[in-house]
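Chemist: Have a look at this one.
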Amino acid sequence: KKETKSNKMTTGSPSVATLDNARDINSSLIEEVSCEIETMRKKSNQANESNACHHIPVTCFETIRFLPGNQSCIDCQARNPDWATISYGALLCINCAAKHRSFGVNYSKVRSLTMDHFTAQEVLILLEGGNQQLRRFFERHELLDGKSSERYFTRAARFYRTGIDQHVTKLAKKPYEGREASRRGYSCSIRQQNIHPCSSNEKSRQPMISAA
């Protein structure tokens with residue numbers, strides 16, 4: 001009986017060693033991702049082109065695919081999306097990618113994860129974005145109802161595009177340390193910015209927050 005009780009206690013909760021191993025794996029992945037980003041930057045510097053493009057490195061690719069929410073398209077929930085909107089750091093299915101192309105690059109820049117090339121900063125946007133993060137943003141601003149295409153022309157959407165671009169521009173100045181590290185020290189959330197969703201077309205109104 002004592003042995004049975006002991007076994008239940010052992011299998012019922014993770015050991016400290018197991019938790020430490022999980023942390024080590026996560027830390028190892030972040031280091032690999034960071035090395036791949038740095039390699040992309042070095043290649044760009046060697047070519048004297050700050051915006052030189054490359055295929056997404058293997059570990060970065062796998063990390064992006066397994067971010068929360070990235071297993072389904074941000075707009076239609078189709079499984080295993082293999083296209084991306086760089087403007088939002090989110091993944092799309094091929095049909096929704098075609099729709100985003102029709103928006104124009106000022107509203108959504110589209111790339112194929114497997115066929116196209118990316119700059120190091122664009123890969124960072126995908127690493128720092130994710131479908132769950134964008135979907136929660138749209139949910140907070142009541143932009144999940146109605147046609148999916150309309151939400152991308154709102155003031156709130158423009159705020160998100162500008163915010164993630166500025167966030168990644170800061171990260172690009174130093175070695176990448178992962179999503180958790182990149183979010184330390186943020187004292188101002190999107191909800192504190194008093195952004196109100198705007199259902200009208202952004203082309204006909206000035207944004208509440210400038211891109212500068």
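Lettering and numbering for the structure tokens are positional, with chains as A, B, ... in the shown order, residues counted from 1 in each chain, and ligands counted from 1 in the shown order.
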Could you tell me, as number ranges by chain, which residues of range 12-170 of chain A DSSP assigns to strand (DSSP E or B) when given the backbone?
Modeler: A: 54, 72, 79, 83-85, 90-92, 110-112, 118
Chemist: Would you save the residues of that selection, restricted to all heavy atoms, as a compact mmCIF listing (two decimals), in the first residue's frame?
Modeler:
```txt
# COMPACT_ATOMS: atom_id res chain seq x y z
N HIS A 54 15.91 36.28 -47.00
CA HIS A 54 16.32 34.88 -46.94
C HIS A 54 15.10 34.03 -46.62
O HIS A 54 14.08 34.53 -46.14
CB HIS A 54 17.38 34.67 -45.85
CG HIS A 54 18.46 35.69 -45.85
ND1 HIS A 54 19.59 35.59 -46.60
CD2 HIS A 54 18.57 36.88 -45.17
CE1 HIS A 54 20.37 36.64 -46.40
NE2 HIS A 54 19.77 37.44 -45.54
N SER A 72 -4.28 27.61 -37.03
CA SER A 72 -5.41 27.87 -37.91
C SER A 72 -5.36 29.31 -38.41
O SER A 72 -4.78 30.19 -37.77
CB SER A 72 -6.74 27.62 -37.17
OG SER A 72 -6.83 28.44 -36.02
N ARG A 79 -7.25 25.03 -41.13
CA ARG A 79 -6.12 24.43 -40.43
C ARG A 79 -4.82 24.57 -41.23
O ARG A 79 -4.82 24.65 -42.46
CB ARG A 79 -6.39 22.95 -40.17
CG ARG A 79 -7.59 22.69 -39.27
CD ARG A 79 -7.37 23.18 -37.86
NE ARG A 79 -6.30 22.46 -37.18
CZ ARG A 79 -5.82 22.79 -35.98
NH1 ARG A 79 -6.30 23.84 -35.34
NH2 ARG A 79 -4.86 22.07 -35.44
N TRP A 83 0.65 30.80 -45.13
CA TRP A 83 0.91 32.15 -45.61
C TRP A 83 0.91 33.09 -44.41
O TRP A 83 0.41 32.74 -43.35
CB TRP A 83 -0.13 32.59 -46.63
CG TRP A 83 0.01 31.87 -47.94
CD1 TRP A 83 -0.34 30.57 -48.19
CD2 TRP A 83 0.56 32.39 -49.14
NE1 TRP A 83 -0.05 30.24 -49.49
CE2 TRP A 83 0.51 31.34 -50.11
CE3 TRP A 83 1.08 33.62 -49.52
CZ2 TRP A 83 0.96 31.50 -51.41
CZ3 TRP A 83 1.53 33.78 -50.82
CH2 TRP A 83 1.48 32.74 -51.75
N ALA A 84 1.48 34.26 -44.57
CA ALA A 84 1.56 35.21 -43.44
C ALA A 84 1.26 36.62 -43.90
O ALA A 84 1.57 37.00 -45.03
CB ALA A 84 2.95 35.16 -42.82
N THR A 85 0.64 37.39 -43.02
CA THR A 85 0.55 38.83 -43.21
C THR A 85 1.61 39.46 -42.32
O THR A 85 1.50 39.44 -41.09
CB THR A 85 -0.86 39.38 -42.88
OG1 THR A 85 -0.78 40.83 -42.78
CG2 THR A 85 -1.43 38.82 -41.58
N ALA A 90 0.74 37.57 -38.39
CA ALA A 90 -0.26 36.51 -38.26
C ALA A 90 -0.24 35.59 -39.48
O ALA A 90 0.24 35.98 -40.55
CB ALA A 90 -1.65 37.11 -38.08
N LEU A 91 -0.78 34.38 -39.31
CA LEU A 91 -0.79 33.40 -40.39
C LEU A 91 -2.15 33.30 -41.05
O LEU A 91 -3.19 33.44 -40.41
CB LEU A 91 -0.37 32.03 -39.86
CG LEU A 91 1.01 31.93 -39.20
CD1 LEU A 91 1.40 30.46 -39.02
CD2 LEU A 91 2.08 32.68 -39.98
N LEU A 92 -2.12 33.02 -42.36
CA LEU A 92 -3.32 32.96 -43.19
C LEU A 92 -3.32 31.69 -44.05
O LEU A 92 -2.26 31.17 -44.39
CB LEU A 92 -3.37 34.16 -44.15
CG LEU A 92 -3.32 35.56 -43.57
CD1 LEU A 92 -2.88 36.55 -44.65
CD2 LEU A 92 -4.70 35.95 -43.04
N VAL A 110 1.69 40.40 -47.68
CA VAL A 110 1.52 38.95 -47.63
C VAL A 110 2.75 38.22 -48.17
O VAL A 110 3.35 38.64 -49.15
CB VAL A 110 0.27 38.54 -48.44
CG1 VAL A 110 0.09 37.03 -48.43
CG2 VAL A 110 -0.97 39.23 -47.88
N ARG A 111 3.11 37.13 -47.48
CA ARG A 111 4.23 36.28 -47.91
C ARG A 111 3.86 34.81 -47.70
O ARG A 111 3.10 34.47 -46.80
CB ARG A 111 5.49 36.56 -47.09
CG ARG A 111 6.05 37.96 -47.20
CD ARG A 111 6.90 38.15 -48.42
NE ARG A 111 7.66 39.39 -48.32
CZ ARG A 111 7.15 40.60 -48.51
NH1 ARG A 111 5.85 40.73 -48.79
NH2 ARG A 111 7.90 41.68 -48.41
N SER A 112 4.45 33.95 -48.52
CA SER A 112 4.35 32.51 -48.31
C SER A 112 5.45 32.09 -47.36
O SER A 112 6.62 32.45 -47.55
CB SER A 112 4.50 31.76 -49.64
OG SER A 112 4.73 30.39 -49.41
N PHE A 118 12.36 36.48 -46.56
CA PHE A 118 12.03 37.44 -45.51
C PHE A 118 13.30 38.15 -45.03
O PHE A 118 14.38 37.57 -45.04
CB PHE A 118 11.39 36.72 -44.32
CG PHE A 118 10.09 36.05 -44.61
CD1 PHE A 118 10.05 34.84 -45.31
CD2 PHE A 118 8.90 36.60 -44.19
CE1 PHE A 118 8.85 34.21 -45.58
CE2 PHE A 118 7.69 35.97 -44.45
CZ PHE A 118 7.66 34.78 -45.15
```
Chemist: As a VMD selection string, please: all residues of range 24-209 of chain A that backbone DSSP puts in alpha helix (DSSP H).
Modeler: chain A and resid 24 to 46 58 to 65 94 to 103 120 to 128 131 to 140 148 to 151 155 to 171 179 to 182
Chemist: For Ala78 in chain A, find every residue with an atom within 10 Å (counting only C-alpha atoms), except residues of its own chain fewer than 5 positions away, and show them as a list in words.
Modeler: Gln71, Ser72, Cys73, Leu92, Cys93, Ile94, Asn95 and Cys96 of chain A
Chemist: Using only N, CA, C and O atoms, please write the residues we just selected to a file, as a CSV table (one decimal), in the first residue's frame.
Modeler:
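Just written: out07.csv:
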```
chain,number,residue,atom,x,y,z
A,71,GLN,N,-2.1,27.5,-35.5
A,71,GLN,CA,-2.4,26.3,-36.2
A,71,GLN,C,-3.6,26.4,-37.1
A,71,GLN,O,-4.0,25.5,-37.8
A,72,SER,N,-4.3,27.6,-37.0
A,72,SER,CA,-5.4,27.9,-37.9
A,72,SER,C,-5.4,29.3,-38.4
A,72,SER,O,-4.8,30.2,-37.8
A,73,CYS,N,-6.0,29.5,-39.6
A,73,CYS,CA,-6.0,30.9,-40.2
A,73,CYS,C,-6.6,31.9,-39.3
A,73,CYS,O,-7.7,31.7,-38.7
A,92,LEU,N,-2.1,33.0,-42.4
A,92,LEU,CA,-3.3,33.0,-43.2
A,92,LEU,C,-3.3,31.7,-44.0
A,92,LEU,O,-2.3,31.2,-44.4
A,93,CYS,N,-4.5,31.2,-44.4
A,93,CYS,CA,-4.6,30.2,-45.4
A,93,CYS,C,-4.4,30.9,-46.8
A,93,CYS,O,-4.4,32.1,-46.9
A,94,ILE,N,-4.3,30.1,-47.8
A,94,ILE,CA,-4.0,30.6,-49.2
A,94,ILE,C,-5.2,31.5,-49.7
A,94,ILE,O,-5.0,32.5,-50.4
A,95,ASN,N,-6.4,31.1,-49.3
A,95,ASN,CA,-7.6,31.9,-49.8
A,95,ASN,C,-7.6,33.2,-49.1
A,95,ASN,O,-7.9,34.3,-49.8
A,96,CYS,N,-7.4,33.3,-47.8
A,96,CYS,CA,-7.4,34.6,-47.1
A,96,CYS,C,-6.2,35.4,-47.5
A,96,CYS,O,-6.3,36.6,-47.5
```
Chemist: Set the distance at 12 Å and use only C-alpha atoms: which residues neighbour range 164-166 of chain A once local chain neighbours fewer than 6 positions away are removed? I'd like the list as a list in words.
Modeler: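 Near neighbours after the sequence-gap exclusion: Ile86, Ser87, Tyr88, Gly89, Ala90, Gln121, Glu122, Val123, Leu124, Ile125, Leu126, Leu127, Glu128, Gly129, Gly130, Gln133, Leu134, Ala157, Arg158, Ala172, Lys173, Ser182, Arg183, Ile190, Ala211 and Ala212 of chain A.
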Chemist: Keeping only N, CA, C and O atoms, write the selected residues to a file as a short mmCIF file (atom, residue, chain, number, x, y, z; two decimals), in the first residue's frame.
Modeler:
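Written out: out37.cif:
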```cif
data_model
loop_
_atom_site.label_atom_id
_atom_site.label_comp_id
_atom_site.auth_asym_id
_atom_site.auth_seq_id
_atom_site.Cartn_x
_atom_site.Cartn_y
_atom_site.Cartn_z
N ILE A 86 2.65 39.97 -42.95
CA ILE A 86 3.77 40.56 -42.21
C ILE A 86 3.32 41.78 -41.42
O ILE A 86 3.87 42.10 -40.37
N SER A 87 2.32 42.47 -41.91
CA SER A 87 1.84 43.68 -41.25
C SER A 87 1.32 43.42 -39.84
O SER A 87 1.35 44.30 -38.98
N TYR A 88 0.85 42.19 -39.59
CA TYR A 88 0.27 41.86 -38.30
C TYR A 88 0.99 40.70 -37.60
O TYR A 88 0.65 40.37 -36.46
N GLY A 89 1.93 40.07 -38.27
CA GLY A 89 2.61 38.93 -37.68
C GLY A 89 1.70 37.75 -37.48
O GLY A 89 1.84 36.99 -36.52
N ALA A 90 0.74 37.57 -38.39
CA ALA A 90 -0.26 36.51 -38.26
C ALA A 90 -0.24 35.59 -39.48
O ALA A 90 0.24 35.98 -40.55
N GLN A 121 14.03 41.35 -39.82
CA GLN A 121 13.02 42.07 -39.07
C GLN A 121 11.63 41.49 -39.32
O GLN A 121 10.80 41.42 -38.40
N GLU A 122 11.37 41.03 -40.53
CA GLU A 122 10.06 40.41 -40.83
C GLU A 122 9.90 39.10 -40.07
O GLU A 122 8.81 38.78 -39.60
N VAL A 123 10.98 38.35 -39.94
CA VAL A 123 10.93 37.10 -39.15
C VAL A 123 10.66 37.43 -37.69
O VAL A 123 9.88 36.74 -37.02
N LEU A 124 11.26 38.50 -37.19
CA LEU A 124 11.01 38.93 -35.81
C LEU A 124 9.54 39.30 -35.61
O LEU A 124 8.96 39.02 -34.56
N ILE A 125 8.94 39.95 -36.59
CA ILE A 125 7.52 40.31 -36.49
C ILE A 125 6.67 39.06 -36.34
O ILE A 125 5.75 39.01 -35.52
N LEU A 126 6.99 38.01 -37.11
CA LEU A 126 6.25 36.76 -37.02
C LEU A 126 6.47 36.07 -35.67
O LEU A 126 5.56 35.47 -35.11
N LEU A 127 7.69 36.18 -35.14
CA LEU A 127 8.00 35.60 -33.84
C LEU A 127 7.31 36.35 -32.70
O LEU A 127 6.93 35.76 -31.69
N GLU A 128 7.15 37.64 -32.85
CA GLU A 128 6.56 38.47 -31.81
C GLU A 128 5.05 38.64 -31.95
O GLU A 128 4.39 39.12 -31.04
N GLY A 129 4.52 38.25 -33.11
CA GLY A 129 3.08 38.36 -33.33
C GLY A 129 2.36 37.09 -32.93
O GLY A 129 2.51 36.60 -31.83
N GLY A 130 1.59 36.56 -33.86
CA GLY A 130 0.84 35.33 -33.58
C GLY A 130 -0.66 35.56 -33.68
O GLY A 130 -1.16 36.65 -33.38
N GLN A 133 -2.65 36.36 -30.30
CA GLN A 133 -2.43 37.73 -29.86
C GLN A 133 -3.27 38.71 -30.66
O GLN A 133 -3.92 39.60 -30.10
N LEU A 134 -3.28 38.55 -32.00
CA LEU A 134 -4.05 39.46 -32.85
C LEU A 134 -5.55 39.26 -32.64
O LEU A 134 -6.31 40.23 -32.59
N ALA A 157 -6.78 48.66 -36.13
CA ALA A 157 -5.87 47.81 -36.91
C ALA A 157 -4.60 48.56 -37.26
O ALA A 157 -3.49 48.02 -37.21
N ARG A 158 -4.76 49.84 -37.61
CA ARG A 158 -3.58 50.64 -37.93
C ARG A 158 -2.69 50.81 -36.71
O ARG A 158 -1.46 50.76 -36.80
N ALA A 172 15.27 44.74 -32.81
CA ALA A 172 16.27 44.47 -33.85
C ALA A 172 17.63 45.07 -33.52
O ALA A 172 18.62 44.73 -34.16
N LYS A 173 17.69 45.92 -32.52
CA LYS A 173 18.96 46.59 -32.17
C LYS A 173 19.84 45.74 -31.26
O LYS A 173 20.97 46.13 -30.96
N SER A 182 11.12 40.09 -24.31
CA SER A 182 10.81 41.30 -25.08
C SER A 182 9.65 42.09 -24.50
O SER A 182 9.49 43.27 -24.79
N ARG A 183 8.85 41.44 -23.64
CA ARG A 183 7.67 42.11 -23.07
C ARG A 183 7.91 42.65 -21.67
O ARG A 183 7.02 43.28 -21.11
N ILE A 190 -2.25 48.18 -24.71
CA ILE A 190 -3.05 48.73 -25.81
C ILE A 190 -4.37 49.27 -25.29
O ILE A 190 -4.86 50.29 -25.75
N ALA A 211 1.24 57.32 -37.24
CA ALA A 211 2.22 56.25 -37.47
C ALA A 211 3.61 56.66 -37.02
O ALA A 211 4.51 55.85 -36.93
N ALA A 212 3.80 57.92 -36.74
CA ALA A 212 5.14 58.41 -36.37
C ALA A 212 5.49 58.00 -34.96
O ALA A 212 4.63 57.87 -34.12
#
```
Chemist: Between CA of Thr119 in chain A and CA of Ile74 in chain A, what is the distance, to one decimal in Å?
Modeler: 22.3 Å
Chemist: Nearest to Glu177 in chain A: which of A:Ser28, A:Ser44, A:Thr162, A:Phe138 is it, counting only C-alpha atoms?
Modeler: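 Closest to Glu177 in chain A of all the choices is A:Ser28.
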Chemist: Hey, can you check how far CA of Thr154 in chain A sits from CA of His141 in chain A?
Modeler: 10.2 Å
Chemist: Out of A:Asp75, A:Val58, A:Ser102, A:Tyr176, which residue has the shortest atom-to-atom distance to Leu143 in chain A when counting only C-alpha atoms?
Modeler: A:Asp75
Chemist: Looking at A:Arg101, A:His55, A:Lys174, A:Arg65, which one is nearest to Glu38 in chain A, with distances taken over only C-alpha atoms?
Modeler: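 With only C-alpha atoms as the atom set, the closest residue is A:Lys174.
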